[in-house]
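The structure file my_file.cif is reproduced below (mmCIF, C-alpha atoms).
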```cif
data_coords
loop_
_atom_site.label_atom_id
_atom_site.label_comp_id
_atom_site.auth_asym_id
_atom_site.auth_seq_id
_atom_site.Cartn_x
_atom_site.Cartn_y
_atom_site.Cartn_z
CA MET A 26 -57.54 55.30 25.48
CA THR A 27 -56.26 52.06 24.00
CA VAL A 28 -54.23 53.75 21.23
CA ASP A 29 -52.70 55.78 24.05
CA ALA A 30 -51.62 52.53 25.78
CA VAL A 31 -49.90 51.45 22.56
CA ARG A 32 -48.25 54.87 22.17
CA ALA A 33 -47.03 54.71 25.79
CA PHE A 34 -45.64 51.21 25.23
CA LEU A 35 -43.84 52.26 22.03
CA SER A 36 -42.57 55.46 23.65
CA ALA A 37 -40.96 53.40 26.41
CA HIS A 38 -39.65 50.50 24.29
CA ALA A 39 -39.35 51.68 20.68
CA PRO A 40 -39.56 55.49 20.51
CA ASP A 41 -38.65 55.49 16.81
CA LEU A 42 -41.91 53.71 15.93
CA LYS A 43 -44.99 55.80 15.32
CA VAL A 44 -48.67 54.88 15.33
CA VAL A 45 -50.32 55.52 11.95
CA GLU A 46 -53.99 56.50 12.22
CA LEU A 47 -56.27 56.45 9.20
CA GLU A 48 -59.72 57.99 8.85
CA ALA A 49 -61.22 54.77 7.50
CA SER A 50 -61.61 51.60 9.53
CA THR A 51 -58.91 48.97 9.16
CA ALA A 52 -60.71 46.41 11.33
CA THR A 53 -60.40 43.54 8.83
CA VAL A 54 -57.31 42.23 7.07
CA GLU A 55 -58.66 43.37 3.69
CA MET A 56 -59.52 46.87 4.94
CA ALA A 57 -56.14 47.21 6.66
CA ALA A 58 -54.23 46.05 3.57
CA ARG A 59 -56.10 48.57 1.39
CA GLY A 60 -55.65 51.39 3.89
CA HIS A 61 -51.92 50.82 4.37
CA GLY A 62 -51.12 49.89 0.78
CA VAL A 63 -49.75 46.42 1.51
CA ALA A 64 -50.68 42.86 0.61
CA PRO A 65 -53.18 41.19 2.97
CA ALA A 66 -50.46 38.71 3.98
CA GLN A 67 -48.41 41.63 5.38
CA ILE A 68 -51.10 42.53 7.91
CA ALA A 69 -50.11 41.04 11.27
CA LYS A 70 -53.41 39.91 12.76
CA THR A 71 -53.54 39.24 16.49
CA LEU A 72 -55.84 36.44 17.62
CA SER A 73 -57.02 36.17 21.23
CA LEU A 74 -57.37 32.54 22.24
CA ARG A 75 -57.97 30.26 25.17
CA ILE A 76 -56.32 26.85 25.25
CA LYS A 77 -57.47 24.84 28.24
CA ASP A 78 -57.00 27.30 31.15
CA ARG A 79 -54.49 29.56 29.36
CA THR A 80 -55.33 32.79 27.57
CA LEU A 81 -52.82 33.90 24.94
CA LEU A 82 -52.28 35.90 21.78
CA ILE A 83 -51.05 34.55 18.46
CA VAL A 84 -49.89 37.03 15.83
CA THR A 85 -50.08 35.62 12.29
CA SER A 86 -49.78 36.71 8.71
CA GLY A 87 -53.04 38.22 7.43
CA ASP A 88 -53.68 35.41 4.95
CA ALA A 89 -52.72 32.55 7.30
CA ARG A 90 -55.30 30.29 8.93
CA LEU A 91 -54.89 28.55 12.26
CA ASN A 92 -54.32 24.81 11.99
CA ASN A 93 -55.98 23.19 15.01
CA ARG A 94 -53.77 20.08 14.77
CA LYS A 95 -50.57 22.18 14.81
CA ILE A 96 -51.87 24.26 17.72
CA LYS A 97 -52.74 21.14 19.71
CA ASP A 98 -49.27 19.69 19.01
CA VAL A 99 -47.40 22.91 19.85
CA LEU A 100 -49.54 24.44 22.61
CA GLY A 101 -51.20 21.38 24.11
CA GLY A 102 -54.88 21.87 23.40
CA LYS A 103 -57.68 22.93 21.12
CA PRO A 104 -57.92 26.73 20.68
CA ARG A 105 -61.10 28.66 21.37
CA MET A 106 -61.50 32.25 20.19
CA LEU A 107 -62.44 34.69 22.94
CA GLY A 108 -65.63 36.71 22.73
CA ALA A 109 -65.42 40.42 21.96
CA ASP A 110 -66.12 41.52 25.56
CA GLU A 111 -63.47 39.16 26.89
CA VAL A 112 -60.96 40.42 24.31
CA VAL A 113 -61.50 44.03 25.38
CA ALA A 114 -61.33 43.13 29.09
CA LEU A 115 -58.07 41.20 28.75
CA THR A 116 -56.20 43.17 26.10
CA GLY A 117 -57.68 46.64 26.51
CA HIS A 118 -58.11 46.72 22.71
CA PRO A 119 -61.29 46.28 20.66
CA VAL A 120 -61.65 43.44 18.17
CA GLY A 121 -60.14 44.77 14.94
CA GLY A 122 -57.56 46.78 16.90
CA VAL A 123 -55.96 44.02 18.97
CA CYS A 124 -52.18 44.01 18.96
CA PRO A 125 -49.47 42.66 21.26
CA PHE A 126 -48.49 46.16 22.45
CA GLY A 127 -49.82 48.04 25.49
CA LEU A 128 -51.90 45.18 26.84
CA ALA A 129 -54.22 45.70 29.82
CA THR A 130 -53.27 42.24 31.13
CA PRO A 131 -49.89 40.57 30.67
CA LEU A 132 -50.50 37.70 28.24
CA PRO A 133 -48.15 35.25 26.56
CA VAL A 134 -47.61 36.24 22.93
CA TYR A 135 -46.70 33.85 20.14
CA CYS A 136 -45.74 34.84 16.60
CA ASP A 137 -46.41 32.42 13.79
CA VAL A 138 -43.52 31.80 11.41
CA SER A 139 -45.76 33.00 8.54
CA LEU A 140 -44.72 36.55 9.50
CA LYS A 141 -41.06 35.83 8.73
CA ALA A 142 -41.80 35.99 5.00
CA PHE A 143 -41.79 39.80 5.24
CA ASP A 144 -39.29 42.54 6.05
CA GLU A 145 -42.12 44.66 7.43
CA VAL A 146 -45.56 43.79 8.79
CA VAL A 147 -48.46 45.99 9.85
CA PRO A 148 -50.15 45.07 13.15
CA ALA A 149 -53.04 47.09 14.55
CA ALA A 150 -52.23 49.62 17.26
CA GLY A 151 -55.12 49.49 19.70
CA SER A 152 -58.02 50.78 17.61
CA ILE A 153 -59.87 49.87 14.44
CA ASN A 154 -58.08 52.57 12.44
CA SER A 155 -54.51 52.53 13.79
CA ALA A 156 -51.42 50.47 13.02
CA VAL A 157 -47.65 50.31 13.23
CA ARG A 158 -45.13 49.34 10.56
CA ILE A 159 -42.49 47.06 12.06
CA ALA A 160 -40.09 44.24 11.22
CA PRO A 161 -41.55 40.93 12.45
CA GLY A 162 -38.43 40.03 14.42
CA ARG A 163 -38.46 43.35 16.20
CA MET A 164 -42.16 43.02 17.01
CA ALA A 165 -41.56 39.58 18.52
CA ALA A 166 -38.59 40.85 20.53
CA LEU A 167 -40.52 43.87 21.89
CA VAL A 168 -43.27 41.66 23.33
CA ASN A 169 -41.07 38.67 24.28
CA ALA A 170 -42.96 36.49 21.82
CA GLU A 171 -42.07 32.91 21.08
CA TRP A 172 -41.94 31.87 17.41
CA ILE A 173 -44.18 28.91 16.59
CA ASP A 174 -45.55 27.19 13.48
CA VAL A 175 -49.32 26.84 13.92
CA CYS A 176 -50.81 28.17 10.68
CA ASP A 177 -51.42 27.18 7.10
CA ARG A 178 -50.94 29.72 4.34
CA PRO A 179 -52.78 29.71 1.03
CA GLY A 180 -51.20 27.07 -1.18
CA SER A 181 -49.37 25.42 1.74
CA ALA A 182 -52.08 23.14 3.11
#
```
Starting from the coordinates I provided, produce the structure as structure tokens.
Amino acid sequence: MTVDAVRAFLSAHAPDLKVVELEASTATVEMAARGHGVAPAQIAKTLSLRIKDRTLLIVTSGDARLNNRKIKDVLGGKPRMLGADEVVALTGHPVGGVCPFGLATPLPVYCDVSLKAFDEVVPAAGSINSAVRIAPGRMAALVNAEWIDVCDRPGSA
């Protein structure tokens, strides 16, 4: 069902993009990188967060880590990760398959600047074994994401 929501979204907004489904799970950054033959940093992981009374998604590079100070400065509060049931209810996607496409609930999407290091990134596509290959700028444009700097990358902290 949820991969179908992503396919429907892409069909309407980016018909040239195709969902890639693998037999093996790609639910973690490491598994996804192995499965798609890319560096872990190229995996675009989507985090479901609550900041005060706002629920939002932040898409980051696979090797980036949220910096709570930066998030507080940029988004006005301390982030709290949503529980798995809440993630499914709000996004329509299971943890490990969350992406900014085909959401069950309209949510603000932010893309961390860590993604701009790549010509192509690989976000999930609504299930724990599906993904899309896409340029980070195009991904952000498709979901009306705002670019922000809220992460640390290995070697940058």
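Here atom CA of A:Asp177 and atom CA of A:Val31 stand 28.8 Å from one another.
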Expansion of the PyMOL selection byres ((chain A and resi 52-59) around 7) into residues, as a PyMOL selection string: chain A and resi 50-51+60-65+68+87+121-122+153-154
So that I have them on file, write out the residues from the current selection with C-alpha atoms, as a short mmCIF file (atom, residue, chain, number, x, y, z; two decimals), in the frame of the given file.
```cif
data_model
loop_
_atom_site.label_atom_id
_atom_site.label_comp_id
_atom_site.auth_asym_id
_atom_site.auth_seq_id
_atom_site.Cartn_x
_atom_site.Cartn_y
_atom_site.Cartn_z
CA SER A 50 -61.61 51.60 9.53
CA THR A 51 -58.91 48.97 9.16
CA GLY A 60 -55.65 51.39 3.89
CA HIS A 61 -51.92 50.82 4.37
CA GLY A 62 -51.12 49.89 0.78
CA VAL A 63 -49.75 46.42 1.51
CA ALA A 64 -50.68 42.86 0.61
CA PRO A 65 -53.18 41.19 2.97
CA ILE A 68 -51.10 42.53 7.91
CA GLY A 87 -53.04 38.22 7.43
CA GLY A 121 -60.14 44.77 14.94
CA GLY A 122 -57.56 46.78 16.90
CA ILE A 153 -59.87 49.87 14.44
CA ASN A 154 -58.08 52.57 12.44
#
```
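Shortest atom-to-atom contact with A:Arg79 among A:Pro40, A:Gly101, A:Gly117, A:Pro148: A:Gly101, counting only C-alpha atoms.
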For the PyMOL selection byres ((chain A and resi 118) around 10), applied here, can you spell out every residue it catches as a ChimeraX atom specification? /A:26-28,30-31,109-110,112-117,119-129,149-153
Next, write the just-selected residues to a file, as an mmCIF file, in the frame of the given file, keeping C-alpha atoms as the atom set.
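Once written, out24.cif looks like this:
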```cif
data_model
loop_
_atom_site.group_PDB
_atom_site.id
_atom_site.type_symbol
_atom_site.label_atom_id
_atom_site.label_comp_id
_atom_site.auth_asym_id
_atom_site.auth_seq_id
_atom_site.Cartn_x
_atom_site.Cartn_y
_atom_site.Cartn_z
ATOM 1 C CA MET A 26 -57.540 55.300 25.480
ATOM 2 C CA THR A 27 -56.260 52.060 24.000
ATOM 3 C CA VAL A 28 -54.230 53.750 21.230
ATOM 4 C CA ALA A 30 -51.620 52.530 25.780
ATOM 5 C CA VAL A 31 -49.900 51.450 22.560
ATOM 6 C CA ALA A 109 -65.420 40.420 21.960
ATOM 7 C CA ASP A 110 -66.120 41.520 25.560
ATOM 8 C CA VAL A 112 -60.960 40.420 24.310
ATOM 9 C CA VAL A 113 -61.500 44.030 25.380
ATOM 10 C CA ALA A 114 -61.330 43.130 29.090
ATOM 11 C CA LEU A 115 -58.070 41.200 28.750
ATOM 12 C CA THR A 116 -56.200 43.170 26.100
ATOM 13 C CA GLY A 117 -57.680 46.640 26.510
ATOM 14 C CA PRO A 119 -61.290 46.280 20.660
ATOM 15 C CA VAL A 120 -61.650 43.440 18.170
ATOM 16 C CA GLY A 121 -60.140 44.770 14.940
ATOM 17 C CA GLY A 122 -57.560 46.780 16.900
ATOM 18 C CA VAL A 123 -55.960 44.020 18.970
ATOM 19 C CA CYS A 124 -52.180 44.010 18.960
ATOM 20 C CA PRO A 125 -49.470 42.660 21.260
ATOM 21 C CA PHE A 126 -48.490 46.160 22.450
ATOM 22 C CA GLY A 127 -49.820 48.040 25.490
ATOM 23 C CA LEU A 128 -51.900 45.180 26.840
ATOM 24 C CA ALA A 129 -54.220 45.700 29.820
ATOM 25 C CA ALA A 149 -53.040 47.090 14.550
ATOM 26 C CA ALA A 150 -52.230 49.620 17.260
ATOM 27 C CA GLY A 151 -55.120 49.490 19.700
ATOM 28 C CA SER A 152 -58.020 50.780 17.610
ATOM 29 C CA ILE A 153 -59.870 49.870 14.440
#
```
My list of candidates is A:Glu111, A:Lys43, A:Lys70, A:Ala142. Which is closest to A:Thr85 when distances are computed with only C-alpha atoms?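 Smallest separation from A:Thr85 among the options: A:Lys70.
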Convert the output of the PyMOL selection byres ((chain A and resi 93) around 10) on the shown file into explicit residues, formatted as a PyMOL selection string. chain A and resi 90-92+94-99+102-105+175-177
At what distance in Å, to one decimal, does atom CA of A:Ile76 lie from atom CA of A:Cys136?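 Separating atom CA of A:Cys136 from atom CA of A:Ile76 is a distance of 15.8 Å.
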9 Å contact set for A:Leu107, only C-alpha atoms, chain neighbours under 4 positions out, as a VMD selection string: chain A and resid 72 to 75 80 111 to 112
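Polymer residues near (-40.3, 41.5, 4.6): counting all atoms listed in the file with a cut-off of 12 Å, they are A:Val63, A:Ala64, A:Ala66, A:Gln67, A:Ile68, A:Ala69, A:Ser86, A:Ser139, A:Leu140, A:Lys141, A:Ala142, A:Phe143, A:Asp144, A:Glu145, A:Val146, A:Val147, A:Arg158, A:Ile159, A:Ala160, A:Pro161, A:Gly162, A:Arg163.
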Could you write out that same residue set with C-alpha atoms as a PDB file, keeping the file's coordinate frame?
```pdb
ATOM      1  CA  VAL A  63     -49.750  46.420   1.510  1.00  0.00           C
ATOM      2  CA  ALA A  64     -50.680  42.860   0.610  1.00  0.00           C
ATOM      3  CA  ALA A  66     -50.460  38.710   3.980  1.00  0.00           C
ATOM      4  CA  GLN A  67     -48.410  41.630   5.380  1.00  0.00           C
ATOM      5  CA  ILE A  68     -51.100  42.530   7.910  1.00  0.00           C
ATOM      6  CA  ALA A  69     -50.110  41.040  11.270  1.00  0.00           C
ATOM      7  CA  SER A  86     -49.780  36.710   8.710  1.00  0.00           C
ATOM      8  CA  SER A 139     -45.760  33.000   8.540  1.00  0.00           C
ATOM      9  CA  LEU A 140     -44.720  36.550   9.500  1.00  0.00           C
ATOM     10  CA  LYS A 141     -41.060  35.830   8.730  1.00  0.00           C
ATOM     11  CA  ALA A 142     -41.800  35.990   5.000  1.00  0.00           C
ATOM     12  CA  PHE A 143     -41.790  39.800   5.240  1.00  0.00           C
ATOM     13  CA  ASP A 144     -39.290  42.540   6.050  1.00  0.00           C
ATOM     14  CA  GLU A 145     -42.120  44.660   7.430  1.00  0.00           C
ATOM     15  CA  VAL A 146     -45.560  43.790   8.790  1.00  0.00           C
ATOM     16  CA  VAL A 147     -48.460  45.990   9.850  1.00  0.00           C
ATOM     17  CA  ARG A 158     -45.130  49.340  10.560  1.00  0.00           C
ATOM     18  CA  ILE A 159     -42.490  47.060  12.060  1.00  0.00           C
ATOM     19  CA  ALA A 160     -40.090  44.240  11.220  1.00  0.00           C
ATOM     20  CA  PRO A 161     -41.550  40.930  12.450  1.00  0.00           C
ATOM     21  CA  GLY A 162     -38.430  40.030  14.420  1.00  0.00           C
ATOM     22  CA  ARG A 163     -38.460  43.350  16.200  1.00  0.00           C
TER      23      ARG A 163
END
```
Using all atoms listed in the file for the distances, tell me which of A:Val138, A:Leu132, A:Leu35, A:Leu100 is nearest to A:Asn169. A:Leu132
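With only C-alpha atoms as the atoms that count, the residue of A:Met164, A:Val84, A:Val134, A:Ala156 with the shortest distance to A:Ala39 is A:Met164.
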Work out how far apart atom CA of A:Arg32 and atom CA of A:Ala170 are and give it in Å to one decimal.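 Calculated distance between atom CA of A:Arg32 and atom CA of A:Ala170 is 19.1 Å.
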For A:Val157, which residue among A:Met106, A:Leu82, A:Ala37, A:Val44 is the nearest when counting only C-alpha atoms? A:Val44
